[in-house]
file my_file_8.txt (compact mmCIF, C-alpha atoms)
# COMPACT_ATOMS: atom_id res chain seq x y z
CA MET A 4 103.30 93.03 99.77
CA THR A 5 102.32 92.34 103.35
CA PHE A 6 104.00 89.65 105.42
CA ARG A 7 102.47 86.22 104.75
CA SER A 8 104.38 83.84 107.05
CA ASP A 9 102.10 82.11 109.56
CA ALA A 10 104.84 80.63 111.73
CA GLN A 11 103.49 82.15 114.94
CA GLY A 12 99.98 80.72 114.64
CA GLY A 13 96.79 81.35 112.70
CA TRP A 14 96.02 84.88 111.55
CA ASP A 15 92.44 84.56 112.78
CA ALA A 16 93.72 84.65 116.36
CA ALA A 17 95.15 88.13 115.79
CA PRO A 18 93.00 91.26 116.25
CA ASP A 19 92.11 93.74 113.55
CA LEU A 20 93.80 97.15 113.74
CA TYR A 21 92.28 100.57 112.94
CA LEU A 22 94.28 103.81 112.66
CA PRO A 23 91.76 106.70 112.37
CA SER A 24 93.03 110.27 112.52
CA ASN A 25 89.96 112.53 112.40
CA ALA A 26 86.31 112.55 113.44
CA LEU A 27 84.86 110.82 110.38
CA THR A 28 87.50 108.09 110.13
CA LEU A 29 87.11 107.46 113.85
CA LEU A 30 83.35 107.06 113.46
CA THR A 31 83.72 104.73 110.47
CA ALA A 32 86.42 102.71 112.22
CA LEU A 33 84.19 102.23 115.27
CA ALA A 34 81.27 101.20 113.09
CA SER A 35 83.44 98.72 111.18
CA ALA A 36 84.92 97.22 114.33
CA LEU A 37 81.51 96.83 115.97
CA ALA A 38 79.92 95.26 112.90
CA GLY A 39 82.87 92.97 112.18
CA GLY A 40 82.50 90.82 115.26
CA HIS A 41 86.27 90.27 115.50
CA PRO A 42 88.60 91.46 118.29
CA ALA A 43 89.73 94.95 117.42
CA GLU A 44 92.46 97.34 118.50
CA MET A 45 91.92 101.01 117.65
CA VAL A 46 94.64 103.64 117.85
CA TYR A 47 93.54 107.21 117.27
CA LEU A 48 96.39 109.31 115.83
CA GLU A 49 95.70 112.79 117.08
CA ASP A 50 98.33 114.80 115.20
CA GLY A 51 95.83 116.64 113.00
CA ALA A 52 92.76 116.77 115.26
CA PRO A 53 93.13 116.16 119.02
CA LEU A 54 90.48 113.84 120.44
CA PRO A 55 88.12 115.48 122.97
CA GLY A 56 88.52 113.89 126.38
CA ALA A 57 84.78 113.40 126.84
CA LEU A 58 84.56 111.48 123.57
CA GLU A 59 87.49 109.25 124.50
CA ALA A 60 85.85 108.46 127.83
CA GLY A 61 82.53 107.80 126.09
CA ILE A 62 84.08 105.34 123.65
CA ARG A 63 85.77 103.41 126.45
CA ARG A 64 82.57 103.33 128.52
CA ARG A 65 80.12 102.44 125.73
CA PHE A 66 82.32 100.01 123.78
CA PRO A 67 84.72 98.30 126.23
CA GLU A 68 85.17 95.39 123.83
CA ILE A 69 87.37 97.61 121.63
CA ALA A 70 90.97 98.08 122.82
CA PHE A 71 91.20 101.86 122.40
CA SER A 72 94.19 104.18 122.78
CA VAL A 73 95.29 107.64 121.68
CA ARG A 74 98.75 108.12 120.17
CA SER A 75 100.54 110.43 117.77
CA ASP A 76 102.47 109.86 114.58
CA ARG A 77 105.00 112.47 115.74
CA ALA A 78 105.79 110.48 118.87
CA ALA A 79 106.27 107.31 116.82
CA ILE A 80 108.70 109.14 114.55
CA ALA A 81 110.61 110.49 117.56
CA GLU A 82 110.93 106.96 118.95
CA PHE A 83 112.27 105.68 115.61
CA ALA A 84 114.58 108.51 114.54
CA ASN A 85 118.16 108.17 115.75
CA LEU A 86 120.14 109.78 112.95
CA PRO A 87 121.84 113.03 114.00
CA ALA A 88 119.64 116.12 113.93
CA MET A 89 121.72 117.55 111.07
CA PHE A 90 120.07 115.06 108.69
CA PRO A 91 116.90 116.18 106.87
CA GLU A 92 113.64 115.29 108.64
CA ILE A 93 112.39 113.29 105.66
CA LEU A 94 115.47 111.05 105.96
CA ARG A 95 115.29 110.70 109.76
CA ARG A 96 111.70 109.44 109.59
CA ASN A 97 112.45 106.88 106.89
CA LEU A 98 115.87 105.57 107.88
CA ALA A 99 117.41 104.72 111.26
CA LEU A 100 120.33 102.71 112.59
CA SER A 101 119.78 99.39 114.36
CA ARG A 102 122.81 97.50 115.68
CA GLY A 103 124.94 99.64 113.42
CA ARG A 104 122.95 98.84 110.29
CA PRO A 105 120.40 100.99 108.44
CA CYS A 106 116.75 99.97 108.80
CA ARG A 107 113.36 101.19 107.61
CA PRO A 108 110.22 101.87 109.71
CA ALA A 109 108.83 98.33 109.35
CA ALA A 110 111.91 96.96 111.10
CA ARG A 111 111.54 99.27 114.12
CA PRO A 112 107.84 99.94 114.72
CA PRO A 113 106.65 101.91 117.78
CA SER A 114 106.88 99.95 121.02
CA TRP A 115 103.11 100.01 121.58
CA LEU A 116 102.31 98.28 118.30
CA GLY A 117 101.16 94.66 118.57
CA VAL A 118 103.17 91.77 117.18
CA ARG A 119 100.61 90.80 114.54
CA TYR A 120 97.21 91.77 113.19
CA ARG A 121 94.74 90.02 110.96
CA THR A 122 93.66 93.11 108.98
CA ALA A 123 94.95 96.65 109.41
CA HIS A 124 92.64 99.46 108.27
CA ILE A 125 94.58 102.64 107.56
CA TYR A 126 93.36 105.99 106.23
CA LEU A 127 96.65 107.58 105.20
CA SER A 128 99.45 105.70 103.49
CA GLY A 129 102.08 108.38 104.03
CA ASN A 130 102.12 108.63 107.79
CA PHE A 131 104.86 106.89 109.75
CA VAL A 132 102.80 104.33 111.68
CA SER A 133 101.22 102.98 108.48
CA LYS A 134 104.68 102.27 107.09
CA THR A 135 105.58 100.12 110.11
CA LEU A 136 102.79 97.59 109.50
CA ARG A 137 103.93 95.69 106.46
CA ARG A 138 105.57 92.77 108.32
CA ARG A 139 102.92 92.20 110.96
CA CYS A 140 99.60 92.14 109.09
CA GLN A 141 97.94 89.52 106.95
CA THR A 142 96.14 92.24 105.00
CA ILE A 143 96.47 96.03 104.87
CA VAL A 144 93.44 97.98 103.69
CA LEU A 145 93.46 101.67 102.78
CA ARG A 146 90.09 103.33 103.41
CA GLU A 147 88.81 106.66 102.21
CA GLU A 148 89.97 109.76 104.05
CA GLY A 149 88.70 112.49 101.70
CA LEU A 150 89.51 114.07 98.36
CA ALA A 151 93.19 113.14 98.79
CA ASN A 152 92.32 109.55 97.84
CA TYR A 153 91.40 110.65 94.33
CA HIS A 154 94.08 113.23 93.54
CA THR A 155 97.79 113.05 92.81
CA LEU A 156 100.09 114.36 95.52
CA ARG A 157 103.19 116.38 94.63
CA PHE A 158 106.48 116.41 96.54
CA GLY A 159 109.41 118.71 97.09
CA PRO A 160 112.98 117.89 95.98
CA GLY A 161 113.99 115.93 99.12
CA ARG A 162 111.11 113.50 99.09
CA ALA A 163 111.21 113.31 95.30
CA LEU A 164 114.81 112.09 95.47
CA LEU A 165 113.93 109.37 98.00
CA ARG A 166 111.08 108.18 95.79
CA LEU A 167 113.33 108.12 92.75
CA LEU A 168 115.93 106.03 94.59
CA SER A 169 113.22 103.51 95.53
CA GLY A 170 112.05 103.18 91.92
CA ARG A 171 108.87 105.25 92.21
CA SER A 172 107.70 108.37 90.41
CA PRO A 173 109.74 111.22 91.93
CA ARG A 174 107.08 113.90 91.81
CA ARG A 175 103.64 112.27 91.76
CA HIS A 176 101.92 109.87 94.12
CA ILE A 177 98.38 108.74 94.79
CA MET A 178 97.48 106.97 98.02
CA GLY A 179 97.15 103.24 97.58
CA GLU A 180 99.84 102.75 94.93
CA GLU A 181 102.17 101.27 97.55
CA PRO A 182 102.72 97.53 96.92
CA TRP A 183 102.24 96.74 100.63
CA ILE A 184 98.62 97.98 100.48
CA ASP A 185 96.50 94.98 99.53
CA ARG A 186 93.07 96.58 99.13
CA ILE A 187 91.54 100.02 98.76
CA GLU A 188 87.98 100.63 99.99
CA LEU A 189 86.28 103.89 99.12
CA ASP A 190 83.08 105.43 97.83
CA HIS A 191 84.08 105.87 94.18
CA PRO A 192 86.66 103.29 93.06
CA GLU A 193 85.90 104.16 89.44
CA SER A 194 87.50 107.58 90.03
CA LEU A 195 90.90 106.08 90.79
CA PRO A 196 93.65 105.79 88.15
CA PRO A 197 93.23 102.60 86.11
CA ALA A 198 96.32 100.99 87.68
CA LEU A 199 94.72 101.09 91.15
CA ARG A 200 91.20 99.95 90.31
CA ALA A 201 92.15 96.28 90.36
CA LYS A 202 92.61 96.34 94.13
CA ALA A 203 89.81 98.83 94.86
CA GLY A 204 86.25 98.14 95.95
CA ARG A 205 83.29 100.29 96.89
CA LEU A 206 82.53 101.01 100.54
CA SER A 207 80.47 104.03 101.54
CA PHE A 208 79.93 105.67 104.91
CA PRO A 209 76.22 104.71 105.05
CA ASP A 210 77.19 101.10 104.27
CA LEU A 211 79.22 100.95 107.48
CA LEU A 212 76.58 102.43 109.78
CA ASP A 213 73.77 100.45 108.18
CA ARG A 214 75.53 97.22 109.19
CA LEU A 215 74.81 98.07 112.83
CA PRO A 216 71.52 97.69 114.69
CA PRO A 217 69.76 101.12 114.48
CA VAL A 218 70.04 101.76 118.23
CA VAL A 219 73.79 101.07 118.18
CA ALA A 220 74.29 103.31 115.15
CA ARG A 221 72.43 106.13 116.88
CA ASP A 222 74.34 105.65 120.13
CA LEU A 223 77.58 105.76 118.18
CA ALA A 224 76.68 109.01 116.41
CA ALA A 225 75.44 110.54 119.67
CA LEU A 226 78.83 109.97 121.32
CA PHE A 227 80.23 112.70 119.07
CA TRP A 228 77.59 115.25 120.14
CA PRO A 229 78.16 116.32 123.77
CA GLY A 230 75.09 117.45 125.72
CA GLN A 231 71.57 117.66 124.37
CA GLY A 232 71.18 116.81 120.70
CA PRO A 233 69.94 119.22 118.01
CA GLY A 234 66.29 120.19 117.79
CA ASN A 235 64.23 121.47 114.87
CA ILE A 236 66.41 123.49 112.51
CA GLY A 237 63.69 125.07 110.36
CA ARG A 238 64.70 126.51 106.98
CA ALA A 239 68.41 126.45 107.68
CA ALA A 240 71.61 126.72 105.69
CA LEU A 241 74.67 124.96 107.02
CA ILE A 242 78.07 126.61 106.61
CA LEU A 243 81.01 124.20 106.75
CA THR A 244 84.07 126.27 107.65
CA GLN A 245 87.70 125.32 107.11
CA PRO A 246 91.00 126.39 108.75
CA ILE A 247 92.12 128.25 105.63
CA GLU A 248 94.17 130.73 107.64
CA GLN A 249 96.25 127.86 109.04
CA THR A 250 97.16 126.54 105.60
CA GLY A 251 98.22 129.82 104.00
CA PHE A 252 95.10 130.74 102.04
CA CYS A 253 94.62 134.03 103.84
CA SER A 254 95.01 135.84 107.16
CA ALA A 255 92.71 135.24 110.13
CA SER A 256 90.95 138.56 109.54
CA GLU A 257 90.44 137.78 105.85
CA LYS A 258 88.98 134.41 106.76
CA ALA A 259 86.59 136.02 109.24
CA ALA A 260 85.46 138.47 106.54
CA ILE A 261 84.84 135.65 104.04
CA TYR A 262 82.62 133.64 106.37
CA ALA A 263 80.83 136.75 107.65
CA GLY A 264 80.07 137.59 104.02
CA ILE A 265 78.71 134.09 103.38
CA GLU A 266 76.51 134.27 106.46
CA THR A 267 75.18 137.73 105.63
CA ARG A 268 74.16 136.73 102.11
CA LEU A 269 72.45 133.56 103.32
CA ARG A 270 70.47 135.45 105.94
CA ARG A 271 69.37 137.98 103.32
CA ALA A 272 68.14 135.06 101.24
CA GLY A 273 65.90 134.00 104.13
CA TYR A 274 67.93 131.19 105.67
CA ALA A 275 68.61 130.60 109.32
CA VAL A 276 72.34 129.89 109.62
CA VAL A 277 74.00 126.93 111.31
CA ILE A 278 77.79 126.81 111.68
CA LYS A 279 79.89 123.65 111.60
CA ARG A 280 83.52 124.43 112.30
CA HIS A 281 86.43 122.21 111.37
CA PRO A 282 87.97 120.38 114.39
CA ARG A 283 91.25 122.28 113.93
CA GLU A 284 89.54 125.66 114.20
CA THR A 285 89.04 127.76 117.28
CA ALA A 286 85.53 129.04 118.01
CA GLY A 287 84.51 132.31 116.40
CA ASN A 288 81.60 134.63 117.06
CA GLU A 289 78.82 132.06 117.38
CA ALA A 290 76.03 134.24 118.79
CA GLY A 291 72.66 134.10 117.11
CA HIS A 292 72.66 130.66 115.49
CA LEU A 293 73.00 126.96 116.24
CA VAL A 294 76.55 125.67 116.30
CA ILE A 295 77.35 122.04 115.60
CA PRO A 296 80.18 120.64 117.78
CA ALA A 297 83.44 120.92 115.87
CA PHE A 298 84.39 117.25 116.34
CA PHE A 299 80.97 115.96 115.27
CA PRO A 300 81.25 114.35 111.79
CA ILE A 301 78.48 116.06 109.85
CA GLU A 302 77.99 112.87 107.81
CA ALA A 303 76.46 111.31 110.97
CA TRP A 304 73.66 113.92 111.06
CA PRO A 305 70.87 111.62 109.72
CA TRP A 306 71.54 109.12 112.52
CA LEU A 307 70.57 111.84 115.04
CA VAL A 308 68.06 114.02 113.16
CA GLU A 309 65.59 113.15 110.40
CA GLN A 310 65.32 116.70 109.08
CA LYS A 311 67.87 117.82 106.49
CA PHE A 312 69.31 121.27 106.01
CA GLU A 313 67.81 123.15 103.09
CA LEU A 314 71.31 124.02 101.90
CA ALA A 315 74.91 123.22 102.82
CA VAL A 316 77.65 125.64 101.78
CA GLY A 317 81.44 125.29 101.81
CA LEU A 318 84.38 126.85 100.05
CA CYS A 319 85.55 123.45 98.80
CA THR A 320 85.10 120.41 101.02
CA ALA A 321 84.87 116.69 100.41
CA ALA A 322 81.91 116.44 102.78
CA LEU A 323 79.69 118.19 100.24
CA ASP A 324 80.89 116.35 97.16
CA ARG A 325 80.80 112.85 98.59
CA THR A 326 78.14 112.81 101.31
CA GLY A 327 76.32 116.15 101.20
CA GLY A 328 73.03 114.47 100.37
CA LEU A 329 73.03 112.75 103.77
CA PHE A 330 72.50 116.00 105.66
CA SER A 331 71.32 118.61 103.14
CA LYS A 332 68.82 118.92 100.30
CA ARG A 333 71.16 121.04 98.19
CA GLN A 334 74.91 121.56 98.24
CA LEU A 335 76.91 124.59 97.11
CA GLN A 336 80.67 124.52 96.64
CA LEU A 337 81.86 128.11 96.23
CA VAL A 338 85.28 127.31 94.71
CA ASP A 339 86.19 124.56 92.26
CA PRO A 340 88.82 122.00 93.39
CA GLY A 341 91.45 123.13 90.88
CA PRO A 342 91.67 126.76 92.00
CA PHE A 343 91.16 125.77 95.63
CA GLY A 344 94.16 123.45 95.41
CA ARG A 345 96.17 126.48 94.25
CA ARG A 346 94.82 128.50 97.22
CA ASP A 347 92.80 130.67 94.86
CA LEU A 348 89.43 131.64 96.36
CA THR A 349 88.48 134.01 93.55
CA GLY A 350 84.81 133.94 92.60
CA TRP A 351 83.25 132.60 95.81
CA ARG A 352 81.26 135.80 96.33
CA GLU A 353 79.87 135.86 92.79
CA ARG A 354 78.87 132.20 92.91
CA LEU A 355 77.03 132.67 96.20
CA GLU A 356 75.29 135.83 95.06
CA ALA A 357 74.14 134.13 91.86
CA PHE A 358 72.75 131.23 93.87
CA CYS A 359 70.93 133.51 96.33
CA ALA A 360 69.51 135.63 93.50
CA GLY A 361 68.00 132.50 92.04
CA GLN A 362 66.16 131.76 95.28
CA GLY A 363 63.83 134.70 94.83

call {"tool": "encode", "arguments": {"input": "my_file_8.txt", "output": "structure tokens"}}
result
Amino acid sequence: MTFRSDAQGGWDAAPDLYLPSNALTLLTALASALAGGHPAEMVYLEDGAPLPGALEAGIRRRFPEIAFSVRSDRAAIAEFANLPAMFPEILRRNLALSRGRPCRPAARPPSWLGVRYRTAHIYLSGNFVSKTLRRRCQTIVLREEGLANYHTLRFGPGRALLRLLSGRSPRRHIMGEEPWIDRIELDHPESLPPALRAKAGRLSFPDLLDRLPPVVARDLAALFWPGQGPGNIGRAALILTQPIEQTGFCSASEKAAIYAGIETRLRRAGYAVVIKRHPRETAGNEAGHLVIPAFFPIEAWPWLVEQKFELAVGLCTAALDRTGGLFSKRQLQLVDPGPFGRRDLTGWRERLEAFCAGQG
């Protein structure tokens, strides 16, 4: 459970804390902070997706009332870890020595972290900074980060042993089961395991932006789109690419062939093609079609453009399952989650060809 002592004064005097770590969670955190009307501190953890400098400057300029900084979970771990390098990394990030005694992350948080917060909104329960919060927040809320919220995570032997020693399941974990997380807010609480539903409530992405005045919501979405916004897209299909070569699915050349094949088949079916790359990807051959900025959260599309894409296509991405209707009339996942989780892309070509054949 989170720390409840109020010896240092009322919790209402403390700011709220937000720890986004990608484009969508940053957008939702900003929307929540602006609509909440309470002092807010926001720390963007850029380990997985570095924050574009222009966006950081835009946030500071447009919303100076939010205390905004950019940090990294890796740097926080490095500040905490003082066991010899011979120890396994999983142990060094969960146990350190303080005055000759062992301590856990909550006892030695990063130096930049505030003394206390009213409510902390986190998006990952397994990162280091989240684990340091349990003694300095009145309430800790886990918010949706993607499909990982709904699926069991598996661990290797080292982490499994640490979980077993702490009385938890050694091999399976789902975000939000931690006793120090007080609430879970996500789009489909009914999809969680029964044991977690008691502390879960529904909160969708549109809910957050709809709490803002329309002009503020549009300004917020526009911050993520550098330069002139999109124009008319016509009869377009959107391809949402993923860094599958970085996560061991295939080689870079195989990835390029997959997405070239998707684009070719869509063009043959009469679609103009728009590419939306993942923020962790480098630019590919973008000639001949509109490209959406990589760090733009595609879920924010309707706050910039009224027209929807005729079709949105991905190998297997949460954006299509959870929010695809915001930006596209139809959605096509080319690989089911089960095989995709096993890095099996078999069948994507056949599924796309069957779909395109049905368009005639």

call {"tool": "closest_residue", "arguments": {"input": "my_file_8.txt", "among": "A:Glu180, A:Asp324, A:Asp213, A:Asp185", "to": "Arg137 (chain A)", "atoms": "all atoms listed in the file"}}
result
A:Asp185

call {"tool": "residues_around", "arguments": {"input": "my_file_8.txt", "residues": "Ile62 (chain A)", "least_positions_apart": "2", "cutoff": "12 Å", "atoms": "only C-alpha atoms", "output": "ChimeraX atom specification"}}
result
/A:29-30,32-34,37,45,47,54-60,64-73,222-227

call {"tool": "closest_residue", "arguments": {"input": "my_file_8.txt", "among": "A:Ile247, A:Ala52, A:Pro197, A:Pro105", "to": "Ala26 (chain A)", "atoms": "all atoms listed in the file"}}
result
A:Ala52

call {"tool": "closest_residue", "arguments": {"input": "my_file_8.txt", "among": "A:Ala110, A:Leu212, A:Leu27, A:Ile236", "to": "Ile301 (chain A)", "atoms": "all atoms listed in the file"}}
result
A:Leu27

call {"tool": "atom_distance", "arguments": {"input": "my_file_8.txt", "atom1": "CA of Arg95 (chain A)", "atom2": "CA of Leu48 (chain A)"}}
result
19.9 Å

call {"tool": "atom_distance", "arguments": {"input": "my_file_8.txt", "atom1": "CA of Val132 (chain A)", "atom2": "CA of Leu100 (chain A)"}}
result
17.6 Å

call {"tool": "atom_distance", "arguments": {"input": "my_file_8.txt", "atom1": "CA of Gln249 (chain A)", "atom2": "CA of Arg280 (chain A)"}}
result
13.6 Å

call {"tool": "closest_residue", "arguments": {"input": "my_file_8.txt", "among": "A:Ser194, A:Ile143, A:Pro91, A:Arg63", "to": "Asp19 (chain A)", "atoms": "only C-alpha atoms"}}
result
A:Ile143

call {"tool": "closest_residue", "arguments": {"input": "my_file_8.txt", "among": "A:Thr135, A:Ser331, A:Asn97, A:Gln141", "to": "Val277 (chain A)", "atoms": "only C-alpha atoms"}}
result
A:Ser331

call {"tool": "residues_near_point", "arguments": {"input": "my_file_8.txt", "point": "(59.7, 121.7, 109.9)", "cutoff": "12 Å", "atoms": "only C-alpha atoms", "output": "list in words"}}
result
Gly234, Asn235, Ile236, Gly237, Arg238, Ala239, Val308, Glu309, Gln310, Lys311, Phe312 and Glu313 of chain A

call {"tool": "residues_around", "arguments": {"input": "my_file_8.txt", "residues": "Pro246 (chain A)", "least_positions_apart": "4", "cutoff": "12 Å", "atoms": "only C-alpha atoms", "output": "ChimeraX atom specification"}}
result
/A:51-52,250-255,257-259,262,279-287,297,317-320

call {"tool": "closest_residue", "arguments": {"input": "my_file_8.txt", "among": "A:Ala272, A:Leu199, A:Leu243, A:Ile278", "to": "Pro182 (chain A)", "atoms": "all atoms listed in the file"}}
result
A:Leu199

call {"tool": "residues_around", "arguments": {"input": "my_file_8.txt", "residues": "Pro87 (chain A)", "least_positions_apart": "2", "cutoff": "12 Å", "atoms": "only C-alpha atoms", "output": "short mmCIF file (atom, residue, chain, number, x, y, z; two decimals) with C-alpha atoms, keeping the file's coordinate frame"}}
result
data_model
loop_
_atom_site.label_atom_id
_atom_site.label_comp_id
_atom_site.auth_asym_id
_atom_site.auth_seq_id
_atom_site.Cartn_x
_atom_site.Cartn_y
_atom_site.Cartn_z
CA ALA A 84 114.58 108.51 114.54
CA ASN A 85 118.16 108.17 115.75
CA MET A 89 121.72 117.55 111.07
CA PHE A 90 120.07 115.06 108.69
CA PRO A 91 116.90 116.18 106.87
CA GLU A 92 113.64 115.29 108.64
CA LEU A 94 115.47 111.05 105.96
CA ARG A 95 115.29 110.70 109.76
CA ARG A 96 111.70 109.44 109.59
CA LEU A 98 115.87 105.57 107.88
CA ALA A 99 117.41 104.72 111.26
CA LEU A 100 120.33 102.71 112.59
#

call {"tool": "residues_around", "arguments": {"input": "my_file_8.txt", "residues": "Gly117 (chain A)", "least_positions_apart": "3", "cutoff": "9 Å", "atoms": "all atoms listed in the file", "output": "list in words"}}
result
Ser114, Tyr120 and Arg139 of chain A

call {"tool": "axis_aligned_box", "arguments": {"input": "my_file_8.txt", "around": "region 190-208 of chain A", "padding_each_side": "6 Å", "output": "JSON"}}
result
{"center_x": 88.1, "center_y": 101.9, "center_z": 95.5, "size_x": 28.4, "size_y": 23.3, "size_z": 30.8}
